[in-house]
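Text of start-v5.csv, listed as CSV, C-alpha atoms:
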chain,number,residue,atom,x,y,z
R,1,MET,CA,117.3,203.2,123.0
R,2,THR,CA,118.7,199.7,122.7
R,3,ALA,CA,117.8,197.4,125.6
R,4,VAL,CA,120.7,196.2,127.7
R,5,PRO,CA,120.3,192.6,129.0
R,6,LEU,CA,120.0,192.5,132.8
R,7,PRO,CA,122.6,190.0,134.0
R,8,THR,CA,121.5,186.7,135.5
R,9,SER,CA,124.9,185.6,136.7
R,10,GLU,CA,125.5,184.5,140.3
R,11,ALA,CA,128.0,187.4,140.7
R,12,PHE,CA,125.3,190.0,139.8
R,13,LEU,CA,122.6,188.3,142.0
R,14,THR,CA,125.1,188.2,144.9
R,15,ASP,CA,126.2,191.8,144.6
R,16,PRO,CA,124.2,193.9,142.1
R,17,TYR,CA,125.4,197.2,143.5
R,18,PRO,CA,128.5,197.8,141.2
R,19,LEU,CA,126.3,197.5,138.1
R,20,TYR,CA,123.6,199.7,139.6
R,21,GLY,CA,126.3,202.3,140.5
R,22,ARG,CA,127.5,202.4,136.9
R,23,LEU,CA,124.0,202.8,135.6
R,24,ARG,CA,123.3,205.5,138.1
R,25,GLU,CA,126.4,207.5,136.9
R,26,THR,CA,126.0,206.9,133.1
R,27,THR,CA,122.4,205.9,132.3
R,28,PRO,CA,120.1,206.8,135.2
R,29,ALA,CA,117.1,205.8,133.1
R,30,CYS,CA,118.2,202.7,131.3
R,31,ARG,CA,116.2,200.5,129.0
R,32,VAL,CA,116.9,196.8,129.8
R,33,GLU,CA,115.8,193.4,128.8
R,34,LEU,CA,114.7,191.4,131.9
R,35,PRO,CA,115.6,187.7,132.4
R,36,ASP,CA,112.2,186.7,131.0
R,37,GLY,CA,112.9,188.7,127.8
R,38,ALA,CA,110.5,191.6,128.7
R,39,PRO,CA,111.6,195.2,128.2
R,40,ALA,CA,111.7,197.6,131.1
R,41,TRP,CA,113.3,200.9,132.2
R,42,LEU,CA,115.5,200.9,135.3
R,43,VAL,CA,115.7,204.2,137.2
R,44,THR,CA,118.6,204.4,139.7
R,45,ARG,CA,119.2,207.9,140.9
R,46,TYR,CA,117.8,208.8,144.4
R,47,ALA,CA,116.2,212.1,143.3
R,48,ASP,CA,114.5,210.5,140.3
R,49,VAL,CA,113.3,207.5,142.2
R,50,ARG,CA,111.9,209.6,145.1
R,51,ALA,CA,110.1,212.0,142.7
R,52,LEU,CA,108.6,209.1,140.6
R,53,LEU,CA,107.3,207.3,143.7
R,54,ALA,CA,105.1,210.3,144.3
R,55,ASP,CA,104.2,211.0,140.7
R,56,PRO,CA,100.5,210.3,139.9
R,57,ARG,CA,101.5,209.8,136.2
R,58,LEU,CA,103.0,206.4,137.2
R,59,SER,CA,100.3,203.8,137.8
R,60,VAL,CA,100.6,200.4,139.5
R,61,SER,CA,97.5,199.1,137.7
R,62,LYS,CA,98.4,196.6,135.0
R,63,SER,CA,95.5,198.0,132.9
R,64,ASN,CA,97.8,200.9,132.2
R,65,GLY,CA,100.6,198.7,130.8
R,66,ASN,CA,101.2,198.0,127.2
R,67,GLY,CA,101.1,194.2,127.8
R,68,SER,CA,104.9,193.7,127.7
R,69,TRP,CA,105.2,193.1,131.5
R,70,ARG,CA,104.9,189.4,132.3
R,71,GLY,CA,105.6,189.4,136.0
R,72,PHE,CA,103.8,187.1,138.5
R,73,SER,CA,100.4,185.7,137.5
R,74,LEU,CA,97.7,185.6,140.2
R,75,PRO,CA,94.1,184.7,139.9
R,76,PRO,CA,91.6,187.6,140.1
R,77,ALA,CA,90.7,186.8,143.7
R,78,LEU,CA,94.3,187.4,144.8
R,79,ASP,CA,95.2,190.1,142.2
R,80,ALA,CA,92.7,192.8,143.4
R,81,ASN,CA,95.1,194.0,146.1
R,82,LEU,CA,96.7,197.3,147.0
R,83,LEU,CA,99.8,196.7,145.0
R,84,ASN,CA,97.8,196.8,141.8
R,85,MET,CA,95.5,199.7,142.6
R,86,ASP,CA,95.6,203.4,142.1
R,87,PRO,CA,93.4,205.9,143.9
R,88,PRO,CA,90.6,206.1,144.7
R,89,ASP,CA,90.2,202.4,145.2
R,90,HIS,CA,93.7,202.2,146.8
R,91,THR,CA,92.8,205.1,149.1
R,92,ARG,CA,89.5,203.4,150.2
R,93,ILE,CA,91.1,200.0,151.1
R,94,ARG,CA,94.3,201.4,152.6
R,95,ARG,CA,92.2,203.6,155.0
R,96,LEU,CA,90.3,200.5,156.0
R,97,VAL,CA,93.3,198.5,157.0
R,98,SER,CA,95.7,201.3,158.1
R,99,GLN,CA,94.3,201.4,161.6
R,100,ALA,CA,95.9,198.1,162.4
R,101,PHE,CA,99.4,199.4,161.7
R,102,THR,CA,99.5,202.7,163.6
R,103,PRO,CA,102.7,203.1,165.6
R,104,ARG,CA,100.9,202.8,168.9
R,105,ARG,CA,99.0,199.7,168.0
R,106,VAL,CA,102.1,198.1,166.5
R,107,GLU,CA,104.2,199.0,169.6
R,108,ASN,CA,101.7,197.0,171.7
R,109,LEU,CA,102.8,193.9,169.8
R,110,ARG,CA,106.4,194.3,170.9
R,111,PRO,CA,106.1,192.1,174.0
R,112,ARG,CA,104.7,189.2,171.9
R,113,ILE,CA,107.4,189.7,169.3
R,114,GLN,CA,110.1,189.6,172.0
R,115,GLN,CA,108.6,186.5,173.5
R,116,THR,CA,108.7,184.8,170.1
R,117,ALA,CA,112.3,185.9,169.4
R,118,ASP,CA,113.4,184.6,172.7
R,119,ALA,CA,111.7,181.2,172.2
R,120,LEU,CA,113.3,180.7,168.8
R,121,LEU,CA,116.8,181.5,170.2
R,122,ASP,CA,116.2,179.3,173.2
R,123,ALA,CA,115.6,176.4,170.7
R,124,VAL,CA,119.0,176.9,169.0
R,125,ALA,CA,121.1,177.9,172.0
R,126,GLU,CA,121.9,174.4,173.1
R,127,HIS,CA,123.3,173.4,169.7
R,128,GLY,CA,126.0,175.9,169.4
R,129,GLU,CA,125.2,176.6,165.7
R,130,ALA,CA,122.2,177.5,163.7
R,131,ASP,CA,120.9,178.5,160.3
R,132,LEU,CA,119.5,182.0,161.1
R,133,VAL,CA,117.2,182.0,158.1
R,134,ARG,CA,115.7,178.6,158.8
R,135,ASP,CA,115.7,178.9,162.6
R,136,TYR,CA,115.1,182.6,163.2
R,137,ALA,CA,114.6,185.1,160.4
R,138,GLY,CA,112.0,182.8,158.7
R,139,PRO,CA,109.7,181.7,161.6
R,140,LEU,CA,109.7,185.0,163.5
R,141,PRO,CA,107.8,187.1,160.9
R,142,VAL,CA,105.4,184.2,160.2
R,143,ALA,CA,104.5,184.1,163.8
R,144,VAL,CA,104.0,187.8,164.1
R,145,ILE,CA,101.8,188.4,161.0
R,146,SER,CA,99.9,185.2,161.8
R,147,ASP,CA,99.1,186.4,165.3
R,148,LEU,CA,98.0,189.7,164.0
R,149,LEU,CA,95.7,188.3,161.3
R,150,GLY,CA,94.5,185.3,163.2
R,151,VAL,CA,96.1,182.4,161.3
R,152,PRO,CA,95.9,179.2,163.4
R,153,GLU,CA,99.3,178.1,164.6
R,154,ALA,CA,98.9,174.6,163.1
R,155,ASP,CA,98.7,176.2,159.6
R,156,ARG,CA,101.7,178.5,159.7
R,157,HIS,CA,104.4,176.1,158.5
R,158,ASP,CA,102.3,175.1,155.5
R,159,PHE,CA,101.8,178.7,154.5
R,160,ARG,CA,105.5,179.4,154.7
R,161,SER,CA,106.2,176.4,152.5
R,162,TRP,CA,103.6,177.5,150.0
R,163,THR,CA,105.0,181.0,149.9
R,164,ASP,CA,108.5,179.7,149.3
R,165,ALA,CA,107.2,177.5,146.4
R,166,MET,CA,105.4,180.4,144.9
R,167,VAL,CA,108.3,182.9,145.0
R,168,SER,CA,111.3,180.6,144.5
R,169,PRO,CA,110.0,177.3,142.9
R,170,PRO,CA,112.6,174.6,142.3
R,171,ASP,CA,114.4,175.1,139.0
R,172,SER,CA,112.1,178.2,138.4
R,173,ASP,CA,109.3,175.8,137.6
R,174,ARG,CA,106.3,178.0,136.8
R,175,ALA,CA,103.9,175.0,137.2
R,176,THR,CA,105.1,174.5,140.8
R,177,ALA,CA,104.6,178.2,141.5
R,178,ALA,CA,101.1,178.1,140.0
R,179,ARG,CA,100.1,175.1,142.1
R,180,ALA,CA,101.3,177.0,145.2
R,181,VAL,CA,99.2,180.0,144.3
R,182,GLY,CA,96.2,177.8,143.9
R,183,THR,CA,96.8,176.1,147.3
R,184,ILE,CA,97.1,179.5,149.0
R,185,HIS,CA,93.9,180.8,147.3
R,186,ALA,CA,92.0,177.7,148.5
R,187,TYR,CA,93.4,178.0,152.0
R,188,LEU,CA,92.5,181.7,152.3
R,189,ALA,CA,88.9,181.0,151.1
R,190,GLU,CA,88.6,178.3,153.9
R,191,LEU,CA,90.2,180.6,156.5
R,192,LEU,CA,87.9,183.5,155.7
R,193,ALA,CA,84.8,181.3,155.8
R,194,ALA,CA,85.9,180.0,159.2
R,195,LYS,CA,86.4,183.6,160.5
R,196,ARG,CA,83.0,184.6,159.1
R,197,SER,CA,81.2,181.8,161.0
R,198,ASP,CA,83.4,182.2,164.1
R,199,PRO,CA,84.9,185.7,164.3
R,200,ALA,CA,87.7,186.4,166.8
R,201,ASP,CA,89.7,189.4,168.0
R,202,ASP,CA,92.0,189.6,164.9
R,203,LEU,CA,92.5,191.7,161.8
R,204,LEU,CA,90.9,189.2,159.4
R,205,SER,CA,87.7,189.1,161.4
R,206,ALA,CA,87.7,192.9,161.5
R,207,LEU,CA,88.1,193.1,157.7
R,208,ILE,CA,85.3,190.5,157.2
R,209,ALA,CA,83.0,192.7,159.4
R,210,ALA,CA,83.8,195.7,157.2
R,211,ARG,CA,83.1,193.7,154.1
R,212,ASP,CA,79.8,192.2,155.4
R,213,ASP,CA,78.4,195.2,157.3
R,214,GLY,CA,79.3,198.1,155.2
R,215,ASP,CA,80.0,196.4,151.8
R,216,ARG,CA,83.2,198.5,151.7
R,217,LEU,CA,85.2,195.6,150.3
R,218,THR,CA,84.3,193.2,147.5
R,219,GLU,CA,84.9,189.5,148.1
R,220,ASP,CA,87.9,189.5,145.8
R,221,GLU,CA,89.3,192.6,147.5
R,222,LEU,CA,88.9,190.9,150.9
R,223,THR,CA,90.7,187.7,149.8
R,224,SER,CA,93.4,189.7,148.0
R,225,LEU,CA,94.0,191.9,151.0
R,226,ALA,CA,94.3,188.8,153.2
R,227,PHE,CA,96.8,187.4,150.8
R,228,LEU,CA,98.8,190.6,150.5
R,229,LEU,CA,99.0,191.1,154.3
R,230,LEU,CA,100.2,187.5,154.9
R,231,PHE,CA,102.6,187.4,152.0
R,232,ALA,CA,104.1,190.9,152.3
R,233,GLY,CA,104.1,190.8,156.1
R,234,TYR,CA,106.2,187.6,155.9
R,235,GLU,CA,108.4,187.6,152.8
R,236,ASN,CA,110.1,191.0,152.9
R,237,THR,CA,110.7,190.9,156.7
R,238,VAL,CA,112.4,187.5,156.4
R,239,HIS,CA,114.8,188.9,153.9
R,240,ALA,CA,115.3,192.1,155.9
R,241,ILE,CA,116.2,190.3,159.1
R,242,GLY,CA,118.5,187.8,157.4
R,243,THR,CA,120.5,190.4,155.4
R,244,ALA,CA,120.7,192.7,158.3
R,245,LEU,CA,122.3,190.0,160.5
R,246,PHE,CA,124.6,189.0,157.6
R,247,THR,CA,125.7,192.6,157.1
R,248,LEU,CA,126.7,192.8,160.8
R,249,LEU,CA,128.3,189.4,160.9
R,250,ARG,CA,130.4,189.7,157.8
R,251,ARG,CA,132.5,192.2,159.8
R,252,SER,CA,133.6,189.2,161.8
R,253,ALA,CA,131.8,190.3,164.9
R,254,PHE,CA,128.4,191.5,166.1
R,255,PRO,CA,129.0,195.2,166.8
R,256,LEU,CA,125.7,196.6,167.8
R,257,ASP,CA,125.1,199.4,170.3
R,258,PRO,CA,121.7,198.8,172.0
R,259,ALA,CA,121.4,202.6,172.6
R,260,HIS,CA,121.5,203.1,168.8
R,261,LEU,CA,119.4,200.2,167.7
R,262,GLY,CA,116.7,202.2,165.9
R,263,PRO,CA,119.1,204.2,163.8
R,264,SER,CA,121.1,201.1,163.1
R,265,VAL,CA,118.0,199.4,161.8
R,266,GLU,CA,117.4,202.3,159.4
R,267,GLU,CA,120.9,202.1,158.1
R,268,LEU,CA,120.7,198.4,157.6
R,269,LEU,CA,117.4,198.8,155.7
R,270,ARG,CA,119.0,201.5,153.5
R,271,VAL,CA,122.1,199.4,152.7
R,272,GLU,CA,120.3,196.1,152.1
R,273,PRO,CA,116.6,196.6,151.2
R,274,PRO,CA,114.7,193.3,150.9
R,275,ALA,CA,113.1,194.5,147.7
R,276,PRO,CA,115.8,196.5,145.9
R,277,VAL,CA,113.6,196.7,142.8
R,278,LEU,CA,110.1,198.0,143.6
R,279,LEU,CA,106.9,197.0,142.1
R,280,ARG,CA,106.6,197.8,138.4
R,281,ARG,CA,104.8,201.0,137.3
R,282,PHE,CA,103.3,202.2,134.0
R,283,PRO,CA,103.3,205.8,132.8
R,284,THR,CA,99.8,207.0,131.9
R,285,GLU,CA,101.4,209.4,129.4
R,286,ASP,CA,104.8,209.9,127.9
R,287,ILE,CA,107.0,211.0,130.7
R,288,GLU,CA,110.6,212.3,130.8
R,289,ILE,CA,112.9,210.6,133.3
R,290,ALA,CA,116.5,211.7,133.6
R,291,GLY,CA,116.4,213.4,130.2
R,292,VAL,CA,114.9,210.3,128.4
R,293,VAL,CA,111.3,210.1,127.3
R,294,VAL,CA,109.6,206.9,128.4
R,295,PRO,CA,106.5,206.1,126.4
R,296,ARG,CA,103.1,205.6,127.9
R,297,GLY,CA,102.4,202.0,129.0
R,298,GLU,CA,106.0,200.8,129.2
R,299,THR,CA,107.3,199.2,132.3
R,300,VAL,CA,109.3,201.3,134.8
R,301,LEU,CA,111.2,199.7,137.6
R,302,LEU,CA,112.4,202.0,140.4
R,303,VAL,CA,115.6,200.6,141.9
R,304,VAL,CA,115.7,201.7,145.6
R,305,GLY,CA,118.7,199.4,146.0
R,306,ALA,CA,120.6,201.9,143.8
R,307,ALA,CA,118.9,205.0,145.0
R,308,ASN,CA,119.7,204.2,148.7
R,309,ARG,CA,123.4,204.1,147.7
R,310,ASP,CA,123.4,207.3,145.7
R,311,PRO,CA,126.4,209.3,147.0
R,312,GLU,CA,124.6,212.5,146.1
R,313,ALA,CA,122.1,211.6,148.8
R,314,PHE,CA,124.2,209.5,151.2
R,315,PRO,CA,128.0,210.2,151.4
R,316,ALA,CA,130.1,207.0,151.7
R,317,PRO,CA,126.8,205.1,150.9
R,318,GLY,CA,128.3,201.6,151.4
R,319,GLU,CA,129.1,202.3,155.0
R,320,VAL,CA,126.6,201.7,157.9
R,321,ARG,CA,126.5,204.9,159.8
R,322,PRO,CA,123.6,205.0,162.4
R,323,GLY,CA,122.1,208.4,162.7
R,324,ARG,CA,123.1,209.7,159.2
R,325,SER,CA,120.8,212.3,157.7
R,326,GLY,CA,118.5,211.5,154.7
R,327,ALA,CA,115.5,209.3,154.3
R,328,HIS,CA,116.0,205.9,152.6
R,329,LEU,CA,113.4,204.7,150.2
R,330,THR,CA,113.2,201.0,151.2
R,331,PHE,CA,109.6,201.4,152.3
R,332,GLY,CA,108.8,203.5,149.3
R,333,HIS,CA,107.4,207.1,149.3
R,334,GLY,CA,104.1,208.7,148.5
R,335,VAL,CA,100.6,207.0,148.5
R,336,HIS,CA,102.1,203.5,148.2
R,337,TYR,CA,104.5,203.9,151.2
R,338,CYS,CA,104.6,200.5,153.0
R,339,LEU,CA,101.6,200.2,155.2
R,340,ALA,CA,103.4,197.8,157.6
R,341,ALA,CA,106.6,199.8,157.9
R,342,PRO,CA,106.1,200.4,161.7
R,343,LEU,CA,105.6,196.7,162.3
R,344,ALA,CA,108.7,195.8,160.2
R,345,ARG,CA,110.9,198.3,162.1
R,346,ILE,CA,109.9,196.8,165.4
R,347,GLU,CA,110.4,193.2,164.2
R,348,LEU,CA,113.9,194.2,163.0
R,349,GLU,CA,114.8,196.0,166.3
R,350,VAL,CA,113.7,193.0,168.3
R,351,ALA,CA,115.2,190.3,166.1
R,352,ILE,CA,118.6,192.0,165.7
R,353,GLY,CA,118.8,193.4,169.2
R,354,THR,CA,117.9,190.1,170.8
R,355,ALA,CA,120.3,188.0,168.7
R,356,GLY,CA,123.1,190.4,169.5
R,357,ARG,CA,122.4,190.5,173.2
R,358,ARG,CA,122.0,186.7,173.5
R,359,PHE,CA,125.0,185.8,171.3
R,360,PRO,CA,127.5,188.6,171.2
R,361,ARG,CA,130.3,186.2,170.0
R,362,MET,CA,128.2,184.9,167.1
R,363,ARG,CA,130.2,184.3,164.0
R,364,LEU,CA,129.6,183.2,160.4
R,365,ALA,CA,130.2,179.5,160.1
R,366,VAL,CA,131.4,179.8,156.5
R,367,PRO,CA,133.2,182.5,154.6
R,368,ALA,CA,131.0,185.5,153.6
R,369,ASP,CA,131.3,184.8,149.9
R,370,GLU,CA,129.9,181.3,150.4
R,371,VAL,CA,126.6,182.4,152.0
R,372,PRO,CA,124.0,181.6,149.4
R,373,TRP,CA,121.6,184.3,148.0
R,374,ARG,CA,118.2,183.8,146.4
R,375,PRO,CA,118.4,183.9,142.6
R,376,SER,CA,116.3,187.0,142.1
R,377,TYR,CA,117.0,190.5,141.0
R,378,ARG,CA,113.7,191.8,142.5
R,379,THR,CA,114.2,190.5,146.0
R,380,ARG,CA,117.4,190.5,148.2
R,381,GLY,CA,117.4,187.6,150.5
R,382,LEU,CA,119.5,184.8,151.8
R,383,VAL,CA,118.8,181.1,151.2
R,384,ALA,CA,120.7,180.2,154.5
R,385,LEU,CA,122.8,182.0,157.1
R,386,PRO,CA,124.9,179.4,158.9
R,387,VAL,CA,126.5,180.7,162.2
R,388,THR,CA,128.3,179.5,165.3
R,389,LEU,CA,126.8,181.0,168.4
R,390,GLY,CA,129.9,181.4,170.5

Any chance you could give the structure as structure tokens?
Amino acid sequence: MTAVPLPTSEAFLTDPYPLYGRLRETTPACRVELPDGAPAWLVTRYADVRALLADPRLSVSKSNGNGSWRGFSLPPALDANLLNMDPPDHTRIRRLVSQAFTPRRVENLRPRIQQTADALLDAVAEHGEADLVRDYAGPLPVAVISDLLGVPEADRHDFRSWTDAMVSPPDSDRATAARAVGTIHAYLAELLAAKRSDPADDLLSALIAARDDGDRLTEDELTSLAFLLLFAGYENTVHAIGTALFTLLRRSAFPLDPAHLGPSVEELLRVEPPAPVLLRRFPTEDIEIAGVVVPRGETVLLVVGAANRDPEAFPAPGEVRPGRSGAHLTFGHGVHYCLAAPLARIELEVAIGTAGRRFPRMRLAVPADEVPWRPSYRTRGLVALPVTLG
């Protein structure tokens, strides 16, 4: 099958769903050429994406790829994380950290999340306007995950800046991204050393204890896990909060029923997933997808942004209908289901509910089509969200 170039236009990055819809209807397993020139298969139908997320023949380990995937380059000390591991190593490490993200333990964080959200909105209330990405959606998840892991408050702004430079370097400069990766690696090494000499009541100290006492984590696994928890716990939640607020505000009002906040969050996650294209996977054998044989080792990209809008699974999929039946795939499915999903849900409930309650007359400060999106097909996030508070 001839590879179809994946668009890089602003129109596609702003609204990729029309193209995904056409692919879903005509070529649900489509061979494409990615912006970096690498070949990959996009899978867009809900039934196929859900089945493949739980299929053990699809590996996340790059050792099972044929070498064509370029992706993001990390040093070994940051690369040995759950996103690059299959069972049994994945099972061992996930079990170790999952106790920190049980629904009950995460629910206990709600008061602190609420306090942080209120303080951030207090800071913008007197100005009458705000950039909700810079002033709210960005700093809230940083504070939450840093509190959980034990990152000193003085270091949090730096970590956010490094992460932004790594993910979206100016002019797509790979050298800038590489320097940011090196800085994050050095910082995490120092932070883990400090926690080892002076442990506290936080998740990083607990993981160090597991590493040192039971030798259940290698040093690289420990460092990589710290990186993944900080990075994933921040980046995707920033985008999820920002796009959820934008989805509500682009209707020209802030219509949110507090009694249906949880179901509303689920619908907002379905309609605008922060990672519409999930982590690459590699077949460990030739595999048939939607009637097409994908050879072993080729790159498969599961497009939950398309699957979540499949009308076969969700009638009128572009509409936000709290309480609709069906399970979205924004957090994945199967053994790689997002470990921090309970935390992300609570952060979204608090962030969206608090903003709506505090500023029910909030409006976009610019036309919806002028709100800038990040230039990435893999993440779905806003550069800025200017609003007037009303």

Any chance you could tabulate, as a Markdown table, the residues of range 209-283 of chain R at most 7 Å from range 66-85 of chain R with each one's nearest atom pair and distance in Å to one decimal, using all atoms listed in the file, in chain and rising number order?
| residue | atom | partner | partner_atom | distance |
| --- | --- | --- | --- | --- |
| R:Asp220 | CA | R:Ala77 | CA | 4.4 |
| R:Glu221 | CA | R:Ala80 | CA | 5.3 |
| R:Thr223 | CA | R:Ala77 | CA | 6.2 |
| R:Ser224 | CA | R:Leu78 | CA | 4.0 |
| R:Leu225 | CA | R:Asn81 | CA | 5.4 |
| R:Phe227 | CA | R:Leu78 | CA | 6.5 |
| R:Leu228 | CA | R:Asn81 | CA | 6.7 |

Practice problem: Find the spatial neighbours of Pro274 in chain R, counting all atoms listed in the file, within a cut-off of 7 Å - ignore same-chain residues fewer than 4 positions away - and output them as a VMD selection string. | Solution: chain R and resid 236 239 to 240 379 to 381

Practice problem: Determine, counting all atoms listed in the file, which protein, DNA and RNA residues have an atom within 8 Å of an atom of range 57-63 of chain R; residues of the same chain fewer than 2 positions away are not included. Present the result as a list in words. | Solution: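 Near neighbours after the sequence-gap exclusion: Leu52, Leu53, Asp55, Gly65, Leu83, Asn84, Met85, Asp86, Leu279, Arg280, Arg281, Phe282, Pro283, Thr284, Glu285 and Ile287 of chain R.
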
Exercise. Considering only C-alpha atoms, return as a list in words whatever protein or nucleic-acid residues lie within 8 Å of Phe246 in chain R, sequence-local ones (same chain, fewer than 4 positions apart) excluded.
Key: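 So, after excluding close chain neighbours, the residues are Gly242, Arg250 and Leu385 of chain R.
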
Quiz item: Could you work out how far CA of His336 in chain R lies from CA of Leu217 in chain R, giving the answer in Å with one decimal?
Solution: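 CA of His336 in chain R lies 18.8 Å from CA of Leu217 in chain R.
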
Self-check item: Among the residues R:Leu222, R:Val366, R:Val144, R:Val97, the one that comes closest to Ile113 in chain R [using all atoms listed in the file]
Solution: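 The answer is R:Val144, which sits nearest to Ile113 in chain R.
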
Quiz item: Using only C-alpha atoms, which of the listed residues (R:Arg270, R:His127, R:Arg160, R:Arg174) sits closest to Glu235 in chain R?
Solution: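 Among the listed residues, the smallest separation from Glu235 in chain R belongs to R:Arg160.
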
Practice problem: For CA of Asp135 in chain R and CA of Arg374 in chain R, quote the distance in Å rounded to one decimal. | Solution: 17.1 Å

Self-check item: Non-local contacts of Gly138 in chain R (12 Å; only C-alpha atoms; under 3 positions in same chain excluded) as a PyMOL selection string
Solution: chain R and resi 117+120+131-135+141-145+156-157+159-161+163-164+233-243+347+351+381-385

Quiz prompt | Shell of 12 Å around Arg324 in chain R, only C-alpha atoms, local chain residues under 4 positions omitted, as a ChimeraX atom specification | solution = /R:260,262-268,270,313-317,319-320,328

For the selection you just gave me, I'd like the residues written to a file as an mmCIF file, in the coordinates of the input, keeping C-alpha atoms.
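Once everything was written out, this is again-v7.cif:
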data_model
loop_
_atom_site.group_PDB
_atom_site.id
_atom_site.type_symbol
_atom_site.label_atom_id
_atom_site.label_comp_id
_atom_site.auth_asym_id
_atom_site.auth_seq_id
_atom_site.Cartn_x
_atom_site.Cartn_y
_atom_site.Cartn_z
ATOM 1 C CA HIS R 260 121.500 203.100 168.800
ATOM 2 C CA GLY R 262 116.700 202.200 165.900
ATOM 3 C CA PRO R 263 119.100 204.200 163.800
ATOM 4 C CA SER R 264 121.100 201.100 163.100
ATOM 5 C CA VAL R 265 118.000 199.400 161.800
ATOM 6 C CA GLU R 266 117.400 202.300 159.400
ATOM 7 C CA GLU R 267 120.900 202.100 158.100
ATOM 8 C CA LEU R 268 120.700 198.400 157.600
ATOM 9 C CA ARG R 270 119.000 201.500 153.500
ATOM 10 C CA ALA R 313 122.100 211.600 148.800
ATOM 11 C CA PHE R 314 124.200 209.500 151.200
ATOM 12 C CA PRO R 315 128.000 210.200 151.400
ATOM 13 C CA ALA R 316 130.100 207.000 151.700
ATOM 14 C CA PRO R 317 126.800 205.100 150.900
ATOM 15 C CA GLU R 319 129.100 202.300 155.000
ATOM 16 C CA VAL R 320 126.600 201.700 157.900
ATOM 17 C CA HIS R 328 116.000 205.900 152.600
#

Quiz prompt | Which residue of R:Met166, R:Val371, R:Ala180, R:Ala275 approaches Thr330 in chain R most closely, using only C-alpha atoms | solution =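 Between R:Met166, R:Val371, R:Ala180, R:Ala275, the residue approaching Thr330 in chain R most closely is R:Ala275.
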
Practice problem: Would you mind telling me which residue in R:Ala365, R:Leu207, R:Ile289, R:Ala137 lies nearest to Ile93 in chain R when using all atoms listed in the file? | Solution: R:Leu207

Quiz item: CA of Gly150 in chain R to CA of Lys195 in chain R: how many Å, to one decimal?
Solution: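 The value is 8.7 Å.
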
Exercise. Considering only C-alpha atoms, state which residue in the set R:Val303, R:Ala51, R:Ala165, R:Ala119 is at the smallest distance from Gly21 in chain R.
Key: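 Ranked by minimum distance to Gly21 in chain R, first place goes to R:Val303.
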
Quiz prompt | Pick from R:Ile346, R:Leu6, R:Ala189, R:Val292, whichever lies nearest to Asn108 in chain R using all atoms listed in the file | solution = R:Ile346

With the input short on atoms, add N, CA and C atoms back to range 374-386 of chain R and write it as a PDB file, keeping the file's coordinate frame.
ATOM      1  N   ARG R 374     119.331 184.224 147.303  1.00  0.00           N
ATOM      2  CA  ARG R 374     118.200 183.800 146.400  1.00  0.00           C
ATOM      3  C   ARG R 374     118.474 184.299 145.017  1.00  0.00           C
ATOM      4  N   PRO R 375     118.138 183.496 144.014  1.00  0.00           N
ATOM      5  CA  PRO R 375     118.400 183.900 142.600  1.00  0.00           C
ATOM      6  C   PRO R 375     117.345 184.799 142.047  1.00  0.00           C
ATOM      7  N   SER R 376     117.306 186.037 142.520  1.00  0.00           N
ATOM      8  CA  SER R 376     116.300 187.000 142.100  1.00  0.00           C
ATOM      9  C   SER R 376     116.866 188.390 142.060  1.00  0.00           C
ATOM     10  N   TYR R 377     116.587 189.147 140.984  1.00  0.00           N
ATOM     11  CA  TYR R 377     117.000 190.500 141.000  1.00  0.00           C
ATOM     12  C   TYR R 377     116.007 191.447 141.679  1.00  0.00           C
ATOM     13  N   ARG R 378     114.798 190.935 141.931  1.00  0.00           N
ATOM     14  CA  ARG R 378     113.700 191.800 142.500  1.00  0.00           C
ATOM     15  C   ARG R 378     113.737 191.699 144.043  1.00  0.00           C
ATOM     16  N   THR R 379     114.167 190.580 144.599  1.00  0.00           N
ATOM     17  CA  THR R 379     114.200 190.500 146.000  1.00  0.00           C
ATOM     18  C   THR R 379     115.700 190.249 146.449  1.00  0.00           C
ATOM     19  N   ARG R 380     116.008 190.648 147.657  1.00  0.00           N
ATOM     20  CA  ARG R 380     117.400 190.500 148.200  1.00  0.00           C
ATOM     21  C   ARG R 380     117.309 189.744 149.457  1.00  0.00           C
ATOM     22  N   GLY R 381     117.537 188.452 149.367  1.00  0.00           N
ATOM     23  CA  GLY R 381     117.400 187.600 150.500  1.00  0.00           C
ATOM     24  C   GLY R 381     118.364 186.432 150.488  1.00  0.00           C
ATOM     25  N   LEU R 382     118.640 185.881 151.643  1.00  0.00           N
ATOM     26  CA  LEU R 382     119.500 184.800 151.800  1.00  0.00           C
ATOM     27  C   LEU R 382     118.784 183.439 151.765  1.00  0.00           C
ATOM     28  N   VAL R 383     119.383 182.423 151.160  1.00  0.00           N
ATOM     29  CA  VAL R 383     118.800 181.100 151.200  1.00  0.00           C
ATOM     30  C   VAL R 383     119.108 180.495 152.614  1.00  0.00           C
ATOM     31  N   ALA R 384     120.267 180.764 153.154  1.00  0.00           N
ATOM     32  CA  ALA R 384     120.700 180.200 154.500  1.00  0.00           C
ATOM     33  C   ALA R 384     121.691 181.197 155.080  1.00  0.00           C
ATOM     34  N   LEU R 385     121.798 181.174 156.397  1.00  0.00           N
ATOM     35  CA  LEU R 385     122.800 182.000 157.100  1.00  0.00           C
ATOM     36  C   LEU R 385     123.388 181.136 158.241  1.00  0.00           C
ATOM     37  N   PRO R 386     124.364 180.269 157.904  1.00  0.00           N
ATOM     38  CA  PRO R 386     124.900 179.400 158.900  1.00  0.00           C
ATOM     39  C   PRO R 386     125.878 180.168 159.858  1.00  0.00           C
TER      40      PRO R 386
END
